[in-house]
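Okay, so here's the structure we're looking at.
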Amino acid sequence: MYKSPALTDISYEELAAKNKQYIWHPFTQMKDYIEDQPVIIAEGKGRKLIDVNGKEYWDGVSSIWLNVHGHNVEELNEAIKQQLEKVAHSTLLGMANVPAILLAEKVINLMPEGLTKVFYSDSGATSVEIAVKMAFQYWQHKGKGNKKQFITMKEAYHGDTIGAVSVGAIDLFHKAYSSLLFDCIKIPYPAVYRSPFGNSETVIVRESLKELEKLLAERSDEIAALIIEPIVQGASGIIVMPEGYLRGVRELCTKYEVLMIADEVATGFGRTGKMFACEHEHVTPDLLTAGKGLTGGYLPVAITVASEEIYNAFLGDYEEQKTFFHGHSYTGNPLGCAVAIANLELIEKRNLIQEVEIMSEYLAAQLSAFSQLDHVGDIRQKGFMIGIELVRNKDTAEPFDWKDRVGVKVCRRARELGMLLRPLGNVIVFMPPLAAAKEELDEMADILYQSIRDITEKN
Ligand code: PLP
């Protein structure tokens, strides 16, 4: 049997040296990183990752928000192996493959009513690029080519390709590229913590929608679409929107003929306690993007799902050139689609979405004890998406200076205690794999608590 010589019997020290010599890591200041001792993962088992030295860690952020059942899951491994015996990849340009067809059917059956066509790609960012291009071109096909602008939310994150960055709004990540980007209209996400409208959720929703309506009433003839992270804005710090806002946005988009794009890359496939976050408010967007959890955290497959109305607008005689000119080499990859089917079947079999709904209440009860800690300013949660904001002063919500890197220090402490986390500034993100059991959640929450206390209360 073939065994890669490159993968056997290499010491941690050798791997660390090669890592330092050859890899440029994403979202990482390499100057700091190369001075540190890197975690080098060798294996995964259940909800844990194991490094090359044999140390075990809870996967406290689901390997960047995507793991569903855990690692090394028999059913998912088997799905890939079986597909591998047939074919690893064939293109979707002008032809089809079996897993891509069957997955599309499965996905459509799970989608909010009214979304009917799946366009495949391979990352959250590409799924957003596709949605943006579809929305833009849709209006050209409808004879309203002046509808070119996009509305996005302040602090939004939709991925790192240039179109996705254009509809993003996190200064720290995006401002270096500002002259490369197309302009968007940016409106505030209706955050409750530090809201200028006070802390009544009803008032926040009402005032936020009033502002949006004013904008749409004045400018909807130039606006193609509004893009939103439904229910939870992730990378800005796990901001949970108050009830009623998403439904209000849907109604306004319909009223003013603006397409609604729901970016469910982070929230999709059960993360918030529903299959899709839009379901919390019975909303069907015109375009929905998803990725991450689709393959259970195994392989890079993403989808942009469109309504029949949008799909139909691209139909025409060849000479009309209404084709959607977009595709990627690995679009509809059979291995990825096969494991995605197995993942969705396992979600169904384990009744996982309902489990998340139930377990998230258990988790909320565990987390309520954290609010007694001196520097926990806000605990935000929807399902298994949790953000704990650490502040210098709880009474005034005064933040820690970003240069103090409190979030980084807490996550570093968690790593020592056996859990991998990644912060967003001063927000500690906790996103356990969806299938984590009660006892596992207890252990993870204990490490989280101790890490926050050790770092923020040590003086
Ligand atoms: N959209 C949202 C809401 C996300 O949270 C992310 C990633 O975190 C993306 C898009 C980008 O996804 P990817 O990293 O797969 O490109």
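Just remember, in the structure tokens the first chain shown is A, the second B, etc., residues are 1-based per chain, and ligands are 1-based in the order shown.
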
Inset, instruction - With only C-alpha atoms and all ligand atoms counted, collect every polymer residue having an atom within 8 Å of ligand 1; state the result as JSON, numbers by chain. - result: {"A": [64, 65, 122, 123, 124, 125, 126, 127, 128, 156, 157, 158, 159, 160, 161, 164, 229, 233, 234, 235, 263, 264, 265, 266, 267, 289, 290, 291, 292, 300, 302]}

Kindly save the residues from that selection, with N, CA, C and O atoms included, as a short mmCIF file (atom, residue, chain, number, x, y, z; two decimals), in the first residue's frame.
data_model
loop_
_atom_site.label_atom_id
_atom_site.label_comp_id
_atom_site.auth_asym_id
_atom_site.auth_seq_id
_atom_site.Cartn_x
_atom_site.Cartn_y
_atom_site.Cartn_z
N ILE A 64 -12.73 26.86 12.79
CA ILE A 64 -13.25 28.09 12.17
C ILE A 64 -14.69 27.90 11.66
O ILE A 64 -14.99 28.06 10.47
N TRP A 65 -15.53 27.53 12.61
CA TRP A 65 -16.98 27.63 12.50
C TRP A 65 -17.61 26.62 11.55
O TRP A 65 -18.71 26.85 11.06
N ASP A 122 -16.60 26.90 -4.10
CA ASP A 122 -15.78 26.17 -3.14
C ASP A 122 -15.40 26.91 -1.85
O ASP A 122 -14.63 26.38 -1.05
N SER A 123 -15.91 28.10 -1.65
CA SER A 123 -15.69 28.75 -0.35
C SER A 123 -16.80 29.75 -0.10
O SER A 123 -17.54 30.11 -1.02
N GLY A 124 -16.89 30.20 1.14
CA GLY A 124 -17.91 31.18 1.46
C GLY A 124 -17.74 32.43 0.61
O GLY A 124 -18.71 32.99 0.09
N ALA A 125 -16.49 32.86 0.46
CA ALA A 125 -16.23 34.08 -0.32
C ALA A 125 -16.72 33.93 -1.76
O ALA A 125 -17.35 34.84 -2.30
N THR A 126 -16.45 32.78 -2.37
CA THR A 126 -16.89 32.62 -3.77
C THR A 126 -18.41 32.56 -3.84
O THR A 126 -19.01 33.06 -4.80
N SER A 127 -19.05 31.98 -2.84
CA SER A 127 -20.51 31.92 -2.88
C SER A 127 -21.10 33.34 -2.82
O SER A 127 -22.15 33.61 -3.42
N VAL A 128 -20.39 34.23 -2.12
CA VAL A 128 -20.86 35.62 -2.05
C VAL A 128 -20.57 36.36 -3.36
O VAL A 128 -21.43 37.08 -3.88
N ALA A 156 -19.78 44.29 8.48
CA ALA A 156 -20.10 42.99 7.85
C ALA A 156 -18.83 42.30 7.39
O ALA A 156 -17.84 42.94 7.05
N TYR A 157 -18.90 40.98 7.37
CA TYR A 157 -17.80 40.19 6.80
C TYR A 157 -18.41 39.13 5.88
O TYR A 157 -19.27 38.36 6.30
N HIS A 158 -17.94 39.13 4.62
CA HIS A 158 -18.48 38.16 3.66
C HIS A 158 -17.39 37.37 2.95
O HIS A 158 -17.67 36.70 1.95
N GLY A 159 -16.15 37.47 3.44
CA GLY A 159 -15.07 36.72 2.80
C GLY A 159 -14.00 37.65 2.24
O GLY A 159 -14.14 38.88 2.31
N ASP A 160 -12.97 37.06 1.64
CA ASP A 160 -11.77 37.84 1.34
C ASP A 160 -11.45 38.04 -0.14
O ASP A 160 -10.39 38.56 -0.47
N THR A 161 -12.30 37.60 -1.04
CA THR A 161 -12.08 37.95 -2.44
C THR A 161 -12.59 39.38 -2.65
O THR A 161 -13.35 39.89 -1.82
N ALA A 164 -16.31 40.15 -2.41
CA ALA A 164 -16.79 39.89 -1.04
C ALA A 164 -16.25 40.95 -0.07
O ALA A 164 -16.96 41.37 0.85
N GLU A 229 -25.92 39.27 7.00
CA GLU A 229 -25.69 38.03 7.75
C GLU A 229 -26.92 37.88 8.65
O GLU A 229 -27.08 38.62 9.62
N GLN A 233 -24.44 38.48 13.12
CA GLN A 233 -23.31 39.00 12.36
C GLN A 233 -22.05 38.42 13.02
O GLN A 233 -21.77 38.71 14.18
N GLY A 234 -21.35 37.58 12.27
CA GLY A 234 -20.32 36.75 12.89
C GLY A 234 -19.01 37.45 13.20
O GLY A 234 -18.68 37.73 14.36
N ALA A 235 -18.25 37.77 12.15
CA ALA A 235 -16.87 38.21 12.34
C ALA A 235 -16.75 39.57 13.04
O ALA A 235 -15.69 39.94 13.51
N ASP A 263 -26.46 35.93 3.66
CA ASP A 263 -25.18 35.21 3.71
C ASP A 263 -25.22 34.28 4.93
O ASP A 263 -25.01 34.71 6.06
N GLU A 264 -25.50 33.01 4.65
CA GLU A 264 -25.61 32.00 5.72
C GLU A 264 -24.35 31.12 5.78
O GLU A 264 -24.41 29.98 6.22
N VAL A 265 -23.23 31.67 5.31
CA VAL A 265 -21.99 30.89 5.33
C VAL A 265 -21.66 30.45 6.77
O VAL A 265 -21.31 29.30 7.00
N ALA A 266 -21.82 31.37 7.71
CA ALA A 266 -21.52 31.03 9.11
C ALA A 266 -22.74 30.41 9.80
O ALA A 266 -22.60 29.49 10.61
N THR A 267 -23.92 30.92 9.49
CA THR A 267 -25.11 30.53 10.26
C THR A 267 -25.80 29.27 9.74
O THR A 267 -26.59 28.65 10.47
N THR A 289 -26.45 32.33 0.43
CA THR A 289 -25.12 31.74 0.28
C THR A 289 -24.81 30.90 1.51
O THR A 289 -25.19 31.25 2.63
N ALA A 290 -24.12 29.77 1.28
CA ALA A 290 -23.75 28.90 2.41
C ALA A 290 -22.50 28.11 2.05
O ALA A 290 -22.11 28.02 0.88
N GLY A 291 -21.85 27.58 3.06
CA GLY A 291 -20.62 26.80 2.83
C GLY A 291 -20.30 26.07 4.11
O GLY A 291 -21.08 25.26 4.60
N LYS A 292 -19.19 26.42 4.71
CA LYS A 292 -18.72 25.89 5.99
C LYS A 292 -19.31 24.54 6.39
O LYS A 292 -18.77 23.51 6.05
N PRO A 300 -14.04 21.57 0.94
CA PRO A 300 -14.53 22.91 0.56
C PRO A 300 -15.58 22.89 -0.54
O PRO A 300 -15.27 22.86 -1.72
N ALA A 302 -19.21 25.10 -1.44
CA ALA A 302 -20.13 26.18 -1.05
C ALA A 302 -21.24 26.27 -2.09
O ALA A 302 -21.10 25.74 -3.20
#

Inset, instruction - Name all residues at most 12 Å from Ala277 in chain A (count only C-alpha atoms; drop same-chain ones fewer than 3 positions away) and give them as a PyMOL selection string. - result: chain A and resi 111-112+228-233+240-241+243+246-247+262-274+280-285+288-290+353+382-385

Can you write out as JSON lines which residues of range 340-410 of chain A fall within 12 Å of range 84-101 of chain A, alongside each residue's closest atom pair and its distance in Å to one decimal, counting only C-alpha atoms and ordering rows by chain and ascending residue number?
{"residue": "A:Ala340", "atom": "CA", "partner": "A:Pro99", "partner_atom": "CA", "distance": 8.9}
{"residue": "A:Ile341", "atom": "CA", "partner": "A:Pro99", "partner_atom": "CA", "distance": 7.7}
{"residue": "A:Ala342", "atom": "CA", "partner": "A:Pro99", "partner_atom": "CA", "distance": 10.4}

Legend entry - All strand (DSSP E) residues (DSSP, backbone) inside range 20-135 of chain A, as JSON, numbers by chain: {"A": [41, 42, 43, 44, 45, 48, 49, 50, 51, 56, 57, 58, 59, 115, 116, 117, 118, 119, 120, 121]}

Inset, instruction - Please provide as a list in words all residues within 8 Å of Thr116 in chain A, with the sequence filter that same-chain residues fewer than 2 positions apart are discarded (counting only C-alpha atoms). - result: Ile108, Gly114, Val118, Val305, Ala306, Ser307 and Glu308 of chain A

Go ahead and write the residues just picked, C-alpha atoms, as a tab-separated table (two decimals), in the first residue's frame.
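As written to disk, out07.tsv reads:
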chain	number	residue	atom	x	y	z
A	108	ILE	CA	-33.32	22.54	-2.14
A	114	GLY	CA	-38.98	29.57	-2.87
A	118	VAL	CA	-28.10	25.61	-6.59
A	305	VAL	CA	-29.02	29.28	-3.99
A	306	ALA	CA	-31.31	31.38	-6.17
A	307	SER	CA	-35.03	31.85	-6.57
A	308	GLU	CA	-36.73	30.66	-9.75

Legend entry - Nearby residues (only C-alpha atoms) at most 12 Å from Asp171 in chain A, same-chain spacing under 3 positions excluded, as a list in words: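 With the cut-off at 12 Å, the set is Lys154, Glu155, Ala156, Tyr157, Val165, Ser166, Val167, Gly168, His174, Lys175, Ala176, Tyr177, Ser178, Ala235 and Ser236 of chain A.
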
Mind writing the picked residues with all heavy atoms as a compact mmCIF listing (two decimals), in the first residue's frame?
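Final output, saved to part_17.txt:
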# COMPACT_ATOMS: atom_id res chain seq x y z
N LYS A 154 -22.70 47.79 8.34
CA LYS A 154 -21.41 48.16 8.95
C LYS A 154 -20.85 46.95 9.70
O LYS A 154 -21.62 46.20 10.32
CB LYS A 154 -21.58 49.33 9.91
CG LYS A 154 -21.88 50.63 9.16
CD LYS A 154 -22.00 51.82 10.10
CE LYS A 154 -22.33 53.05 9.27
NZ LYS A 154 -22.85 54.15 10.08
N GLU A 155 -19.56 46.78 9.62
CA GLU A 155 -18.85 45.66 10.27
C GLU A 155 -19.17 44.30 9.67
O GLU A 155 -18.88 43.26 10.26
CB GLU A 155 -19.13 45.59 11.80
CG GLU A 155 -18.97 46.89 12.56
CD GLU A 155 -17.57 47.43 12.49
OE1 GLU A 155 -16.62 46.64 12.50
OE2 GLU A 155 -17.42 48.66 12.39
N ALA A 156 -19.78 44.29 8.48
CA ALA A 156 -20.10 42.99 7.85
C ALA A 156 -18.83 42.30 7.39
O ALA A 156 -17.84 42.94 7.05
CB ALA A 156 -21.02 43.21 6.65
N TYR A 157 -18.90 40.98 7.37
CA TYR A 157 -17.80 40.19 6.80
C TYR A 157 -18.41 39.13 5.88
O TYR A 157 -19.27 38.36 6.30
CB TYR A 157 -16.99 39.50 7.90
CG TYR A 157 -15.88 38.64 7.34
CD1 TYR A 157 -14.72 39.23 6.81
CD2 TYR A 157 -15.99 37.26 7.30
CE1 TYR A 157 -13.71 38.44 6.26
CE2 TYR A 157 -14.98 36.47 6.75
CZ TYR A 157 -13.84 37.07 6.24
OH TYR A 157 -12.84 36.30 5.70
N VAL A 165 -15.02 41.41 -0.32
CA VAL A 165 -14.47 42.48 0.52
C VAL A 165 -15.23 43.79 0.26
O VAL A 165 -15.49 44.56 1.18
CB VAL A 165 -12.95 42.64 0.28
CG1 VAL A 165 -12.41 43.89 0.96
CG2 VAL A 165 -12.19 41.41 0.76
N SER A 166 -15.63 44.01 -0.99
CA SER A 166 -16.38 45.23 -1.32
C SER A 166 -17.68 45.32 -0.53
O SER A 166 -18.08 46.41 -0.11
CB SER A 166 -16.69 45.29 -2.82
OG SER A 166 -15.51 45.44 -3.56
N VAL A 167 -18.35 44.18 -0.36
CA VAL A 167 -19.58 44.21 0.43
C VAL A 167 -19.30 43.97 1.91
O VAL A 167 -20.21 43.83 2.72
CB VAL A 167 -20.66 43.21 -0.09
CG1 VAL A 167 -21.19 43.65 -1.44
CG2 VAL A 167 -20.13 41.77 -0.15
N GLY A 168 -18.03 43.92 2.27
CA GLY A 168 -17.64 43.81 3.68
C GLY A 168 -17.37 45.18 4.26
O GLY A 168 -17.31 46.17 3.52
N HIS A 174 -10.24 45.40 5.85
CA HIS A 174 -10.59 45.82 4.50
C HIS A 174 -9.99 47.13 4.03
O HIS A 174 -9.94 47.38 2.83
CB HIS A 174 -12.13 45.90 4.38
CG HIS A 174 -12.81 44.58 4.63
ND1 HIS A 174 -14.07 44.47 5.14
CD2 HIS A 174 -12.38 43.30 4.46
CE1 HIS A 174 -14.40 43.18 5.26
NE2 HIS A 174 -13.38 42.47 4.87
N LYS A 175 -9.54 47.98 4.98
CA LYS A 175 -9.23 49.35 4.51
C LYS A 175 -7.99 49.40 3.60
O LYS A 175 -7.91 50.28 2.75
CB LYS A 175 -9.17 50.34 5.67
CG LYS A 175 -7.96 50.28 6.56
CD LYS A 175 -7.90 51.55 7.44
CE LYS A 175 -6.70 51.50 8.36
NZ LYS A 175 -6.93 50.87 9.64
N ALA A 176 -7.07 48.46 3.74
CA ALA A 176 -5.87 48.46 2.89
C ALA A 176 -6.24 48.34 1.41
O ALA A 176 -5.49 48.77 0.54
CB ALA A 176 -4.96 47.30 3.28
N TYR A 177 -7.43 47.76 1.13
CA TYR A 177 -7.80 47.51 -0.27
C TYR A 177 -8.82 48.51 -0.78
O TYR A 177 -9.38 48.33 -1.86
CB TYR A 177 -8.38 46.09 -0.40
CG TYR A 177 -7.53 45.06 0.32
CD1 TYR A 177 -7.92 44.54 1.55
CD2 TYR A 177 -6.30 44.67 -0.21
CE1 TYR A 177 -7.12 43.64 2.24
CE2 TYR A 177 -5.49 43.76 0.47
CZ TYR A 177 -5.91 43.26 1.69
OH TYR A 177 -5.12 42.37 2.36
N SER A 178 -9.07 49.58 -0.02
CA SER A 178 -10.25 50.41 -0.31
C SER A 178 -10.29 50.92 -1.75
O SER A 178 -11.34 50.94 -2.37
CB SER A 178 -10.37 51.55 0.69
OG SER A 178 -9.19 52.29 0.68
N ALA A 235 -18.25 37.77 12.15
CA ALA A 235 -16.87 38.21 12.34
C ALA A 235 -16.75 39.57 13.04
O ALA A 235 -15.69 39.94 13.51
CB ALA A 235 -16.14 38.23 11.01
N SER A 236 -17.86 40.30 13.11
CA SER A 236 -17.81 41.58 13.82
C SER A 236 -17.84 41.37 15.33
O SER A 236 -17.72 42.32 16.10
CB SER A 236 -19.00 42.45 13.40
OG SER A 236 -20.20 41.77 13.73

Inset, instruction - Have a look at A:Ile34, A:Lys81, A:Tyr138, A:Lys3 and name the one nearest to Gln21 in chain A; count only C-alpha atoms. - result: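 Smallest distance to Gln21 in chain A is found for A:Ile34.
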
Legend entry - Which of range 74-305 of chain A DSSP labels alpha helix (DSSP H), written as a count of residues only: 81

Inset, instruction - Quote the spacing between CA of Lys133 in chain A and CA of Arg219 in chain A in Å to one decimal place. - result: 20.1 Å

Legend entry - Closest of A:Ala217, A:Cys278, A:Val73, A:Ala16 to Met260 in chain A - atom-to-atom distances counting only C-alpha atoms: A:Cys278

Inset, instruction - Show which residues sit within 12 Å of Trp139 in chain A, as JSON, numbers by chain. Count only C-alpha atoms, and ignore same-chain residues fewer than 4 positions away. - result: {"A": [132, 133, 134, 135, 143, 144, 145, 146, 147, 148, 149, 221, 222, 223, 224, 225, 257, 258, 259, 309, 310, 313, 314, 322]}

Legend entry - Shell of 12 Å around Lys255 in chain A, only C-alpha atoms, local chain residues under 5 positions omitted, as an MDAnalysis selection string: chainID A and resid 212:213 216:217 220 248:250 260

Could you write out that same residue set with N, CA, C and O atoms as a PDB file, in the first residue's frame?
ATOM      1  N   LEU A 212     -33.701  52.372   7.403  1.00  0.00           N
ATOM      2  CA  LEU A 212     -33.564  51.617   6.152  1.00  0.00           C
ATOM      3  C   LEU A 212     -34.653  52.029   5.168  1.00  0.00           C
ATOM      4  O   LEU A 212     -34.403  52.218   3.973  1.00  0.00           O
ATOM      5  N   GLU A 213     -35.860  52.190   5.675  1.00  0.00           N
ATOM      6  CA  GLU A 213     -36.955  52.558   4.761  1.00  0.00           C
ATOM      7  C   GLU A 213     -36.712  53.927   4.123  1.00  0.00           C
ATOM      8  O   GLU A 213     -36.979  54.132   2.937  1.00  0.00           O
ATOM      9  N   LEU A 216     -34.271  53.409   1.329  1.00  0.00           N
ATOM     10  CA  LEU A 216     -34.852  52.719   0.182  1.00  0.00           C
ATOM     11  C   LEU A 216     -35.847  53.614  -0.563  1.00  0.00           C
ATOM     12  O   LEU A 216     -35.901  53.605  -1.799  1.00  0.00           O
ATOM     13  N   ALA A 217     -36.604  54.393   0.186  1.00  0.00           N
ATOM     14  CA  ALA A 217     -37.578  55.280  -0.446  1.00  0.00           C
ATOM     15  C   ALA A 217     -36.860  56.282  -1.351  1.00  0.00           C
ATOM     16  O   ALA A 217     -37.351  56.648  -2.428  1.00  0.00           O
ATOM     17  N   SER A 220     -34.001  53.465  -4.018  1.00  0.00           N
ATOM     18  CA  SER A 220     -34.147  52.065  -4.448  1.00  0.00           C
ATOM     19  C   SER A 220     -33.966  51.885  -5.961  1.00  0.00           C
ATOM     20  O   SER A 220     -33.590  50.809  -6.418  1.00  0.00           O
ATOM     21  N   GLY A 248     -38.473  42.432   8.974  1.00  0.00           N
ATOM     22  CA  GLY A 248     -38.693  43.816   8.519  1.00  0.00           C
ATOM     23  C   GLY A 248     -37.858  44.124   7.286  1.00  0.00           C
ATOM     24  O   GLY A 248     -38.334  44.769   6.337  1.00  0.00           O
ATOM     25  N   VAL A 249     -36.611  43.657   7.272  1.00  0.00           N
ATOM     26  CA  VAL A 249     -35.728  43.884   6.120  1.00  0.00           C
ATOM     27  C   VAL A 249     -36.328  43.208   4.883  1.00  0.00           C
ATOM     28  O   VAL A 249     -36.377  43.786   3.796  1.00  0.00           O
ATOM     29  N   ARG A 250     -36.800  41.964   5.072  1.00  0.00           N
ATOM     30  CA  ARG A 250     -37.404  41.243   3.947  1.00  0.00           C
ATOM     31  C   ARG A 250     -38.578  42.036   3.370  1.00  0.00           C
ATOM     32  O   ARG A 250     -38.724  42.202   2.159  1.00  0.00           O
ATOM     33  N   MET A 260     -32.782  40.613  -1.821  1.00  0.00           N
ATOM     34  CA  MET A 260     -32.204  40.364  -0.499  1.00  0.00           C
ATOM     35  C   MET A 260     -31.272  39.146  -0.590  1.00  0.00           C
ATOM     36  O   MET A 260     -31.690  38.064  -1.004  1.00  0.00           O
TER      37      MET A 260
END

Inset, instruction - Would you work out the distance separating CA of Leu420 in chain A from CA of Pro190 in chain A, expressed in Å to one decimal? - result: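 So the two atoms, CA of Leu420 in chain A and CA of Pro190 in chain A, lie 29.9 Å apart.
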
Inset, instruction - Using only C-alpha atoms, pick whichever of A:Lys55, A:Arg415, A:Lys106, A:Lys210 has the shortest atom-to-atom distance to Ala338 in chain A. - result: A:Lys106

Please report, as JSON lines, each residue of range 233-300 of chain A lying at most 12 Å from range 389-406 of chain A, together with the nearest pair of atoms and the separation in Å rounded to one decimal; use only C-alpha atoms, and order rows by chain and ascending residue number.
{"residue": "A:Ser236", "atom": "CA", "partner": "A:Glu389", "partner_atom": "CA", "distance": 11.3}
{"residue": "A:Gly237", "atom": "CA", "partner": "A:Glu389", "partner_atom": "CA", "distance": 7.8}
{"residue": "A:Ile238", "atom": "CA", "partner": "A:Glu389", "partner_atom": "CA", "distance": 9.2}
{"residue": "A:Ile239", "atom": "CA", "partner": "A:Glu389", "partner_atom": "CA", "distance": 10.2}

Restricted to C-alpha atoms, what would the selected residues look like written as a PDB file, in the first residue's frame?
ATOM      1  CA  SER A 236     -17.814  41.585  13.820  1.00  0.00           C
ATOM      2  CA  GLY A 237     -18.043  39.862  17.215  1.00  0.00           C
ATOM      3  CA  ILE A 238     -21.066  37.505  17.174  1.00  0.00           C
ATOM      4  CA  ILE A 239     -23.700  40.226  17.201  1.00  0.00           C
TER       5      ILE A 239
END

Legend entry - Counting only C-alpha atoms, the option among A:Phe119, A:Ala79, A:Tyr298, A:Ser368 closest to Glu105 in chain A: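 The shortest atom-to-atom distance to Glu105 in chain A comes from A:Phe119.
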
Inset, instruction - Using CA of Ile187 in chain A and CA of Lys214 in chain A as the two end points, give the distance in Å to one decimal. - result: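 Between CA of Ile187 in chain A and CA of Lys214 in chain A the gap works out to 11.6 Å.
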
Who sits within 12 Å of Gly418 in chain A, only C-alpha atoms, same chain under 2 positions skipped, as a compact mmCIF listing (two decimals) with N, CA and C atoms, in the first residue's frame:
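Result file part-v9.txt:
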# COMPACT_ATOMS: atom_id res chain seq x y z
N VAL A 39 1.01 25.07 17.12
CA VAL A 39 0.28 23.81 17.28
C VAL A 39 0.27 23.14 15.91
N LYS A 48 -12.36 16.46 19.36
CA LYS A 48 -11.01 16.87 19.73
C LYS A 48 -10.04 16.80 18.56
N LEU A 49 -9.03 17.66 18.64
CA LEU A 49 -7.90 17.61 17.72
C LEU A 49 -6.68 17.20 18.54
N ILE A 50 -5.78 16.46 17.90
CA ILE A 50 -4.61 15.94 18.61
C ILE A 50 -3.36 16.40 17.86
N ASP A 51 -2.41 17.00 18.58
CA ASP A 51 -1.23 17.50 17.87
C ASP A 51 -0.16 16.42 17.73
N GLY A 54 0.91 14.52 20.63
CA GLY A 54 -0.08 13.71 21.33
C GLY A 54 -0.96 14.50 22.28
N LYS A 55 -0.75 15.82 22.36
CA LYS A 55 -1.63 16.61 23.25
C LYS A 55 -3.01 16.78 22.60
N GLU A 56 -4.06 16.62 23.43
CA GLU A 56 -5.42 16.71 22.91
C GLU A 56 -6.04 18.07 23.24
N TYR A 57 -6.81 18.59 22.30
CA TYR A 57 -7.50 19.88 22.50
C TYR A 57 -8.95 19.74 22.07
N TRP A 58 -9.85 20.35 22.83
CA TRP A 58 -11.23 20.51 22.34
C TRP A 58 -11.20 21.46 21.15
N ASP A 59 -12.01 21.17 20.13
CA ASP A 59 -12.08 22.06 18.97
C ASP A 59 -13.15 23.12 19.27
N GLY A 60 -12.76 24.12 20.05
CA GLY A 60 -13.72 25.10 20.60
C GLY A 60 -14.28 26.09 19.61
N CYS A 411 -7.28 33.18 24.74
CA CYS A 411 -7.25 31.99 23.87
C CYS A 411 -5.96 31.20 24.05
N ARG A 412 -4.89 31.93 24.31
CA ARG A 412 -3.62 31.26 24.56
C ARG A 412 -3.69 30.43 25.87
N ARG A 413 -4.35 31.01 26.85
CA ARG A 413 -4.52 30.30 28.13
C ARG A 413 -5.40 29.06 27.91
N ALA A 414 -6.45 29.21 27.10
CA ALA A 414 -7.33 28.06 26.82
C ALA A 414 -6.53 26.95 26.14
N ARG A 415 -5.66 27.35 25.28
CA ARG A 415 -4.81 26.35 24.59
C ARG A 415 -3.98 25.57 25.61
N GLU A 416 -3.41 26.27 26.58
CA GLU A 416 -2.64 25.56 27.63
C GLU A 416 -3.54 24.58 28.38
N LEU A 420 -8.79 24.72 21.79
CA LEU A 420 -8.39 25.66 20.74
C LEU A 420 -9.51 26.66 20.51
N LEU A 421 -9.16 27.95 20.59
CA LEU A 421 -10.11 29.03 20.36
C LEU A 421 -9.45 30.07 19.47
N GLU A 443 -17.03 20.42 29.93
CA GLU A 443 -15.56 20.53 30.02
C GLU A 443 -15.06 21.75 29.27
N MET A 444 -15.65 21.97 28.09
CA MET A 444 -15.22 23.13 27.29
C MET A 444 -15.55 24.44 28.03
N ALA A 445 -16.77 24.50 28.58
CA ALA A 445 -17.18 25.73 29.29
C ALA A 445 -16.29 25.98 30.51
N ASP A 446 -15.86 24.90 31.18
CA ASP A 446 -14.96 25.07 32.34
C ASP A 446 -13.64 25.70 31.92
N ILE A 447 -13.10 25.22 30.81
CA ILE A 447 -11.82 25.79 30.33
C ILE A 447 -12.01 27.25 29.94
N LEU A 448 -13.13 27.51 29.28
CA LEU A 448 -13.42 28.88 28.85
C LEU A 448 -13.48 29.82 30.06
N GLN A 450 -12.26 29.37 33.10
CA GLN A 450 -10.97 29.50 33.78
C GLN A 450 -10.01 30.39 33.00
N SER A 451 -10.04 30.28 31.68
CA SER A 451 -9.13 31.08 30.85
C SER A 451 -9.47 32.56 30.99
